[in-house]
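Raw model-v3.txt, compact mmCIF, C-alpha atoms:
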```txt
# COMPACT_ATOMS: atom_id res chain seq x y z
CA MET A 6 0.00 0.00 0.00
CA ILE A 7 1.46 3.34 -1.07
CA THR A 8 0.96 6.22 1.28
CA GLY A 9 2.40 9.54 2.28
CA GLU A 10 4.41 11.29 -0.38
CA ASN A 11 3.01 9.34 -3.32
CA ASN A 12 1.38 12.62 -4.36
CA ILE A 13 4.73 14.31 -4.91
CA GLU A 14 5.23 14.94 -8.62
CA ASP A 15 8.83 13.83 -8.59
CA SER A 16 10.87 13.10 -11.68
CA GLY A 17 13.07 10.05 -12.03
CA ASN A 18 16.11 11.74 -10.51
CA ILE A 19 14.32 12.99 -7.39
CA PHE A 20 13.77 10.55 -4.55
CA SER A 21 11.36 10.59 -1.64
CA TYR A 22 10.45 8.43 1.32
CA SER A 23 7.48 7.09 -0.63
CA LYS A 24 9.73 5.93 -3.46
CA LEU A 25 12.20 4.25 -1.11
CA ASN A 26 9.41 2.62 0.89
CA THR A 27 7.74 1.35 -2.29
CA PHE A 28 11.02 -0.21 -3.41
CA LYS A 29 11.49 -1.86 -0.02
CA THR A 30 7.91 -3.16 0.00
CA CYS A 31 7.97 -4.49 -3.56
CA PRO A 32 10.58 -3.73 -6.25
CA GLN A 33 8.09 -4.76 -8.96
CA LEU A 34 5.61 -2.14 -7.73
CA TYR A 35 8.40 0.45 -7.77
CA LYS A 36 9.10 -0.40 -11.42
CA ILE A 37 5.41 -0.18 -12.38
CA ILE A 38 4.84 3.20 -10.74
CA TYR A 39 8.15 5.04 -11.01
CA ILE A 40 9.85 3.53 -14.07
CA ASP A 41 6.90 2.50 -16.25
CA GLN A 42 4.98 5.57 -14.99
CA VAL A 43 1.69 3.70 -14.55
CA ARG A 44 -0.66 5.65 -12.30
CA LYS A 45 -4.22 4.69 -11.44
CA LYS A 46 -7.18 6.47 -9.90
CA GLU A 47 -7.95 3.64 -7.49
CA GLU A 48 -7.46 4.36 -3.81
CA ASN A 49 -7.77 2.23 -0.69
CA ILE A 50 -10.26 3.42 1.88
CA GLU A 51 -7.58 3.34 4.60
CA SER A 52 -5.51 5.79 2.57
CA PHE A 53 -8.55 7.96 1.87
CA MET A 54 -9.38 8.10 5.57
CA GLY A 55 -5.79 8.96 6.48
CA LYS A 56 -5.71 11.88 4.04
CA ARG A 57 -8.93 13.33 5.45
CA VAL A 58 -7.58 13.08 9.01
CA HIS A 59 -4.40 14.85 7.92
CA GLU A 60 -6.46 17.60 6.30
CA ALA A 61 -8.53 18.05 9.46
CA LEU A 62 -5.37 18.40 11.54
CA GLU A 63 -3.96 20.83 9.00
CA TRP A 64 -7.14 22.90 9.41
CA LEU A 65 -6.72 22.75 13.18
CA TYR A 66 -3.45 24.66 12.93
CA ASN A 67 -4.39 27.30 10.38
CA ASP A 68 -3.68 30.94 11.22
CA GLU A 69 -7.22 31.63 12.39
CA ASN A 70 -7.59 28.62 14.67
CA ILE A 71 -4.19 28.82 16.31
CA SER A 72 -5.10 32.24 17.75
CA LEU A 73 -8.37 31.04 19.33
CA SER A 74 -8.70 30.38 23.05
CA TYR A 75 -10.25 26.99 22.29
CA ILE A 76 -11.70 24.88 19.48
CA THR A 77 -14.63 22.53 19.99
CA PHE A 78 -14.37 18.89 19.00
CA ASP A 79 -17.63 19.27 17.08
CA SER A 80 -15.95 21.90 14.88
CA LEU A 81 -13.11 19.52 14.13
CA CYS A 82 -15.54 16.69 13.33
CA ASN A 83 -17.57 18.92 11.04
CA ILE A 84 -14.47 19.84 9.06
CA TYR A 85 -13.45 16.19 8.83
CA ALA A 86 -16.94 15.22 7.58
CA ARG A 87 -16.87 18.03 5.02
CA TYR A 88 -13.54 16.89 3.62
CA TRP A 89 -14.74 13.27 3.60
CA ASN A 90 -17.95 14.01 1.72
CA ASN A 91 -16.47 16.52 -0.71
CA LYS A 92 -13.58 14.26 -1.74
CA TRP A 93 -15.32 10.89 -1.83
CA HIS A 94 -15.07 9.38 -5.34
CA ASP A 95 -16.03 6.26 -7.27
CA ASN A 96 -12.60 4.62 -7.25
CA ILE A 97 -12.23 3.91 -3.53
CA TYR A 98 -11.77 0.23 -2.69
CA ILE A 99 -12.09 -1.81 0.47
CA VAL A 100 -10.22 -5.02 1.34
CA ASN A 101 -11.96 -6.16 4.50
CA GLN A 102 -15.63 -6.46 3.59
CA ILE A 103 -16.50 -7.00 7.25
CA ASN A 104 -15.89 -3.27 7.70
CA ASP A 105 -17.81 -0.75 5.62
CA LYS A 106 -17.48 2.91 4.67
CA GLY A 107 -19.03 3.99 7.97
CA TYR A 108 -16.49 1.97 9.94
CA TYR A 109 -13.57 3.85 8.38
CA PHE A 110 -15.28 7.22 8.72
CA ASN A 111 -15.73 6.56 12.45
CA LEU A 112 -12.17 5.28 12.71
CA GLY A 113 -10.97 8.65 11.43
CA LYS A 114 -13.14 10.38 14.04
CA LEU A 115 -11.59 8.15 16.69
CA CYS A 116 -8.11 9.24 15.61
CA LEU A 117 -9.16 12.88 15.87
CA SER A 118 -10.87 12.41 19.23
CA LYS A 119 -7.77 10.88 20.80
CA TYR A 120 -5.63 13.69 19.41
CA TYR A 121 -8.10 16.29 20.66
CA ARG A 122 -8.22 14.82 24.17
CA ARG A 123 -4.44 14.80 24.39
CA TYR A 124 -3.69 18.26 23.01
CA GLY A 125 -6.91 20.31 23.04
CA PRO A 126 -9.05 22.26 23.38
CA THR A 127 -6.43 25.01 22.86
CA PHE A 128 -4.07 24.37 19.97
CA ASN A 129 -1.59 27.19 20.42
CA HIS A 130 1.51 25.14 19.71
CA PRO A 131 4.41 26.96 18.00
CA VAL A 132 3.39 25.63 14.59
CA LYS A 133 5.27 27.24 11.73
CA TYR A 134 4.49 24.96 8.79
CA VAL A 135 1.96 22.26 7.90
CA GLU A 136 2.21 19.96 4.87
CA HIS A 137 5.49 21.68 4.08
CA LYS A 138 7.49 20.68 0.99
CA LEU A 139 11.30 20.72 1.21
CA ASP A 140 13.96 19.91 -1.39
CA PHE A 141 17.35 18.68 -0.20
CA SER A 142 20.19 16.33 -1.05
CA ILE A 143 21.95 13.34 0.46
CA GLY A 144 25.31 12.62 -1.09
CA LYS A 145 24.88 13.07 -4.83
CA TYR A 146 21.14 12.37 -4.79
CA ASN A 147 18.26 14.84 -4.75
CA PHE A 148 15.24 14.38 -2.49
CA ARG A 149 11.87 15.96 -1.89
CA SER A 150 9.68 15.52 1.17
CA VAL A 151 6.39 16.84 2.49
CA ILE A 152 6.38 17.15 6.27
CA ASP A 153 3.08 16.99 8.15
CA ARG A 154 4.03 19.70 10.63
CA ILE A 155 7.04 21.68 11.82
CA ASP A 156 7.07 23.56 15.14
CA ILE A 157 9.73 26.23 15.78
CA ASP A 158 10.08 27.91 19.18
CA GLY A 159 12.01 30.96 17.96
CA ILE A 160 15.34 30.05 19.54
CA GLY A 161 16.38 27.30 17.17
CA ASN A 162 14.47 24.30 18.55
CA PHE A 163 12.53 22.42 15.88
CA VAL A 164 9.96 19.66 16.29
CA ILE A 165 9.08 17.54 13.25
CA HIS A 166 5.66 15.89 13.55
CA ASP A 167 4.35 12.94 11.56
CA TYR A 168 0.77 11.63 11.86
CA LYS A 169 0.02 7.93 11.45
CA THR A 170 -3.54 6.60 11.15
CA GLY A 171 -2.62 2.96 10.40
CA LYS A 172 -2.76 -0.08 12.67
CA SER A 173 0.97 -0.39 13.15
CA LYS A 174 2.90 1.56 15.75
CA LYS A 175 6.61 1.74 16.39
CA THR A 176 8.67 0.95 19.41
CA TYR A 177 11.26 3.49 20.46
CA ASN A 178 14.07 1.42 18.90
CA GLN A 179 12.16 1.10 15.63
CA ALA A 180 11.61 4.85 15.58
CA VAL A 181 15.30 5.56 16.10
CA ASN A 182 16.17 3.45 13.07
CA ASP A 183 13.31 4.60 10.85
CA ILE A 184 14.41 6.47 7.72
CA GLN A 185 11.28 8.60 7.17
CA LEU A 186 11.82 11.17 9.89
CA GLY A 187 15.55 10.78 9.34
CA LEU A 188 14.96 12.16 5.84
CA TYR A 189 12.87 14.97 7.32
CA GLU A 190 15.54 15.87 9.85
CA ILE A 191 18.16 16.09 7.11
CA ALA A 192 15.76 18.23 5.06
CA VAL A 193 15.13 20.66 7.91
CA LYS A 194 18.81 21.03 8.76
CA GLN A 195 19.63 21.84 5.14
CA ASN A 196 16.80 24.32 4.68
CA PHE A 197 16.92 26.28 7.96
CA GLU A 198 20.09 28.01 9.12
CA GLU A 199 18.80 28.66 12.63
CA VAL A 200 18.46 24.99 13.65
CA LYS A 201 20.00 24.24 17.04
CA ALA A 202 18.13 21.06 17.96
CA VAL A 203 15.60 18.78 16.26
CA LYS A 204 13.07 16.55 17.98
CA LEU A 205 11.14 13.95 15.99
CA THR A 206 7.59 13.13 17.04
CA TRP A 207 5.46 10.29 15.71
CA HIS A 208 1.73 10.51 16.48
CA PHE A 209 0.04 7.11 16.36
CA LEU A 210 -3.46 8.48 16.21
CA ARG A 211 -5.49 5.29 16.62
CA TYR A 212 -3.86 4.74 19.99
CA GLY A 213 -3.54 8.32 21.18
CA ILE A 214 0.19 7.94 21.80
CA GLU A 215 3.36 9.62 20.58
CA ILE A 216 7.01 8.64 20.44
CA ASN A 217 9.70 11.32 20.67
CA ILE A 218 13.36 10.92 19.81
CA ASN A 219 16.42 13.10 19.45
CA ARG A 220 19.00 11.53 17.19
CA ASN A 221 22.72 12.02 17.73
CA ILE A 222 25.18 12.48 14.86
CA LYS A 223 26.11 8.79 14.82
CA GLN A 224 22.48 7.69 14.54
CA LEU A 225 21.70 10.22 11.81
CA THR A 226 24.80 9.19 9.84
CA LYS A 227 23.64 5.56 10.03
CA ILE A 228 20.25 6.57 8.63
CA GLN A 229 21.90 8.60 5.89
CA ASN A 230 24.08 5.67 4.84
CA LYS A 231 21.05 3.39 4.79
CA ILE A 232 19.26 5.83 2.47
CA ILE A 233 22.24 6.12 0.11
CA ASN A 234 22.57 2.32 -0.05
CA SER A 235 18.89 1.99 -0.94
CA VAL A 236 19.15 4.56 -3.75
CA ASN A 237 22.33 2.90 -5.04
CA ASP A 238 20.47 -0.41 -5.17
CA ILE A 239 17.61 1.12 -7.16
CA ILE A 240 19.94 2.78 -9.65
CA ASP A 241 22.11 -0.32 -10.08
CA LYS A 242 19.06 -2.46 -10.85
CA GLN A 243 17.68 0.08 -13.28
CA GLN A 244 20.97 0.46 -15.15
CA TYR A 245 21.63 -3.29 -15.35
CA SER A 246 18.18 -4.74 -16.05
CA ASN A 247 14.61 -3.84 -15.18
CA SER A 248 13.98 -7.57 -14.73
CA LEU A 249 15.76 -7.27 -11.37
CA PHE A 250 12.75 -5.45 -9.94
CA VAL A 251 11.20 -8.72 -8.78
CA PRO A 252 7.81 -8.93 -7.06
CA LYS A 253 7.77 -9.35 -3.30
CA GLU A 254 4.44 -11.04 -2.62
CA SER A 255 2.87 -10.55 0.80
CA LEU A 256 -0.44 -9.69 2.45
CA LEU A 257 0.11 -6.13 1.21
CA CYS A 258 -0.72 -7.38 -2.29
CA ASN A 259 -4.38 -7.24 -1.26
CA TRP A 260 -4.08 -3.45 -1.06
CA CYS A 261 -2.35 -3.13 -4.44
CA HIS A 262 -4.20 -1.89 -7.55
CA TYR A 263 -1.52 -3.00 -10.00
CA TRP A 264 -2.26 -6.72 -10.31
CA GLU A 265 -2.83 -6.40 -14.07
CA GLU A 266 0.66 -4.96 -14.51
CA CYS A 267 2.46 -7.25 -12.02
CA ILE A 268 4.31 -10.26 -13.44
CA ALA A 269 3.43 -12.29 -10.32
CA LYS A 270 -0.34 -11.97 -10.78
CA ASP A 271 -2.52 -13.46 -13.49
CA LYS A 272 -5.86 -11.94 -12.56
CA LYS A 273 -7.47 -8.75 -11.35
CA ASN A 274 -7.34 -7.93 -7.66
CA PRO A 275 -10.60 -9.23 -6.13
CA ILE A 276 -11.09 -6.27 -3.78
CA GLN A 277 -14.37 -4.41 -4.11
CA LYS A 278 -15.45 -0.80 -4.36
CA ALA A 279 -16.47 0.89 -1.14
CA TYR A 280 -19.96 2.35 -1.02
```
Could you rewrite the structure in this file as structure tokens?
Amino acid sequence: MITGENNIEDSGNIFSYSKLNTFKTCPQLYKIIYIDQVRKKEENIESFMGKRVHEALEWLYNDENISLSYITFDSLCNIYARYWNNKWHDNIYIVNQINDKGYYFNLGKLCLSKYYRRYGPTFNHPVKYVEHKLDFSIGKYNFRSVIDRIDIDGIGNFVIHDYKTGKSKKTYNQAVNDIQLGLYEIAVKQNFEEVKAVKLTWHFLRYGIEININRNIKQLTKIQNKIINSVNDIIDKQQYSNSLFVPKESLLCNWCHYWEECIAKDKKNPIQKAY
């Protein structure tokens, strides 16, 4: 399942977390999307729900709201429902037919309610940017990322926030070794001269929890090397033979809309449209 920065209109020589994660998940899917340039309108309902939650949280921190003494949860829910209804389309698919459209709508509300209870009703955090795009480089490679939220306290302390609406949550050790916010930290340090310290915050919205880490130079260098090795692997395969982008079949195939293009599949994905 492709999430996050899949919406970035990046060319072949610009990398992103989404591209690296797609390659790690399934090299064949990477080839289909980023080399063959096959893009489809289909969308999984989990991804649709996650985008609407992100938009509601983006609204929460707009210039008007951040100056208010409080914001009601009903206001947040109304905005979420408006985004959901306005952006619903005919190409949204569901894997687990036990759960319906209403289940995922309410799951998004649950994510928002747990966030609201933890941080509200006043949202006067030192938010500087939301859904902020940054270009940067690692070694000889160019990258582009969109960061959910960046807080800056005015004296050089930055907090990078990332919202997760999925089932999985990270342990502290997993977070330390995760490349996504490592990419974001590198991006921030290259784009802002006033950076003194960077804290990374994952929000696992279904559970109402967060994990915070501060990486040292050694840890960040390890992440950087891991990223360079991954890009090198992609480029080596592409230069030698596209046949090296082999499928990596797993349960995640059920969330993939590219069965017709995949060499490991001989039929259309049996998932159904969500209504």
Exercise. With distances taken over all atoms listed in the file, which of A:Asn111, A:Gln229, A:Ser248, A:Asn101 is nearest to Tyr146 (chain A)?
Worked result: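 Looking at the shortest contact to Tyr146 (chain A), the residue is A:Gln229.
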For this session: Quote the spacing between CA of Ile71 (chain A) and CA of Asn129 (chain A) in Å to one decimal place.
Result: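 Pair CA of Ile71 (chain A) / CA of Asn129 (chain A) returns 5.1 Å.
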Would you list the contacts of region 103-109 of chain A as a short mmCIF file (atom, residue, chain, number, x, y, z; two decimals) with C-alpha atoms, in the coordinates of the input, taking every protein, DNA or RNA residue within 12 Å and counting only C-alpha atoms, but skipping same-chain residues closer than 2 positions in sequence?
```
data_model
loop_
_atom_site.label_atom_id
_atom_site.label_comp_id
_atom_site.auth_asym_id
_atom_site.auth_seq_id
_atom_site.Cartn_x
_atom_site.Cartn_y
_atom_site.Cartn_z
CA ASN A 49 -7.77 2.23 -0.69
CA ILE A 50 -10.26 3.42 1.88
CA GLU A 51 -7.58 3.34 4.60
CA SER A 52 -5.51 5.79 2.57
CA PHE A 53 -8.55 7.96 1.87
CA MET A 54 -9.38 8.10 5.57
CA GLY A 55 -5.79 8.96 6.48
CA ARG A 57 -8.93 13.33 5.45
CA VAL A 58 -7.58 13.08 9.01
CA ALA A 86 -16.94 15.22 7.58
CA TRP A 89 -14.74 13.27 3.60
CA ASN A 90 -17.95 14.01 1.72
CA TRP A 93 -15.32 10.89 -1.83
CA ILE A 97 -12.23 3.91 -3.53
CA TYR A 98 -11.77 0.23 -2.69
CA ILE A 99 -12.09 -1.81 0.47
CA VAL A 100 -10.22 -5.02 1.34
CA ASN A 101 -11.96 -6.16 4.50
CA ASN A 111 -15.73 6.56 12.45
CA LEU A 112 -12.17 5.28 12.71
CA GLY A 113 -10.97 8.65 11.43
CA LYS A 114 -13.14 10.38 14.04
CA LEU A 115 -11.59 8.15 16.69
CA CYS A 116 -8.11 9.24 15.61
CA THR A 170 -3.54 6.60 11.15
CA GLY A 171 -2.62 2.96 10.40
CA ARG A 211 -5.49 5.29 16.62
CA GLN A 277 -14.37 -4.41 -4.11
CA LYS A 278 -15.45 -0.80 -4.36
CA ALA A 279 -16.47 0.89 -1.14
CA TYR A 280 -19.96 2.35 -1.02
#
```
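Here CA of Asn96 (chain A) and CA of Tyr168 (chain A) stand 24.4 Å from one another.
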Problem set entry | For Phe197 (chain A): contacts at 12 Å, only C-alpha atoms, fewer than 5 positions along chain excluded, given as a ChimeraX atom specification | /A:139-141,155,157,161-163,190-192,202-203
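Taking all atoms listed in the file into account, Asp167 (chain A) lies nearest to A:Leu205 out of the set A:Leu205, A:Ile143, A:Val193, A:Ile40.
The interatomic distance for the pair CA of Arg154 (chain A) and CA of Tyr134 (chain A) works out to 5.6 Å.
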For this session: Skip Ala61 (chain A) itself and residues of its chain fewer than 2 positions away, then list as an NGL selection string all residues within 10 Å of it, counting only C-alpha atoms.
Result: :A and (55-59 or 63-66 or 80-89 or 113 or 117)
Written selection (C-alpha atoms) as a tab-separated table (two decimals), keeping the file's coordinate frame:
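Writing the result to selection26.tsv gives the following:
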```
chain	number	residue	atom	x	y	z
A	55	GLY	CA	-5.79	8.96	6.48
A	56	LYS	CA	-5.71	11.88	4.04
A	57	ARG	CA	-8.93	13.33	5.45
A	58	VAL	CA	-7.58	13.08	9.01
A	59	HIS	CA	-4.40	14.85	7.92
A	63	GLU	CA	-3.96	20.83	9.00
A	64	TRP	CA	-7.14	22.90	9.41
A	65	LEU	CA	-6.72	22.75	13.18
A	66	TYR	CA	-3.45	24.66	12.93
A	80	SER	CA	-15.95	21.90	14.88
A	81	LEU	CA	-13.11	19.52	14.13
A	82	CYS	CA	-15.54	16.69	13.33
A	83	ASN	CA	-17.57	18.92	11.04
A	84	ILE	CA	-14.47	19.84	9.06
A	85	TYR	CA	-13.45	16.19	8.83
A	86	ALA	CA	-16.94	15.22	7.58
A	87	ARG	CA	-16.87	18.03	5.02
A	88	TYR	CA	-13.54	16.89	3.62
A	89	TRP	CA	-14.74	13.27	3.60
A	113	GLY	CA	-10.97	8.65	11.43
A	117	LEU	CA	-9.16	12.88	15.87
```
Kindly provide, as lines of an AutoDock Vina configuration file, the centre and edge lengths (Å, one decimal) of an axis-aligned box around all atoms of region 252-271 of chain A given in the file, with 4 Å on each side.
```
center_x = 1.7
center_y = -7.7
center_z = -6.0
size_x = 20.2
size_y = 19.6
size_z = 25.0
```
Seminar exercise, completed: Between A:Leu62, A:Cys31, A:Val200, A:Leu225, smallest distance to Asp158 (chain A) by only C-alpha atoms belongs to A:Val200
Problem set entry | Radius query 12 Å about (11.6, 2.8, -5.1), atoms used: all atoms listed in the file, as JSON, numbers by chain | {"A": [7, 11, 15, 17, 18, 19, 20, 21, 22, 23, 24, 25, 26, 27, 28, 29, 30, 31, 32, 33, 34, 35, 36, 37, 38, 39, 40, 232, 235, 236, 237, 238, 239, 240, 242, 243, 250]}
Problem set entry | Sel. within 12 Å of pt (0.7, -0.7, 10.7), counting all atoms listed in the file, output as a ChimeraX atom specification | /A:6,8,51,169-176,209-212,257
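Residues within 12 Å of Lys227 (chain A), counting all atoms listed in the file and excluding same-chain residues fewer than 2 positions away, are A:Val181, A:Asn182, A:Asp183, A:Ile184, A:Gly187, A:Leu188, A:Arg220, A:Asn221, A:Ile222, A:Lys223, A:Gln224, A:Leu225, A:Gln229, A:Asn230, A:Lys231, A:Ile232, A:Ile233, A:Asn234.
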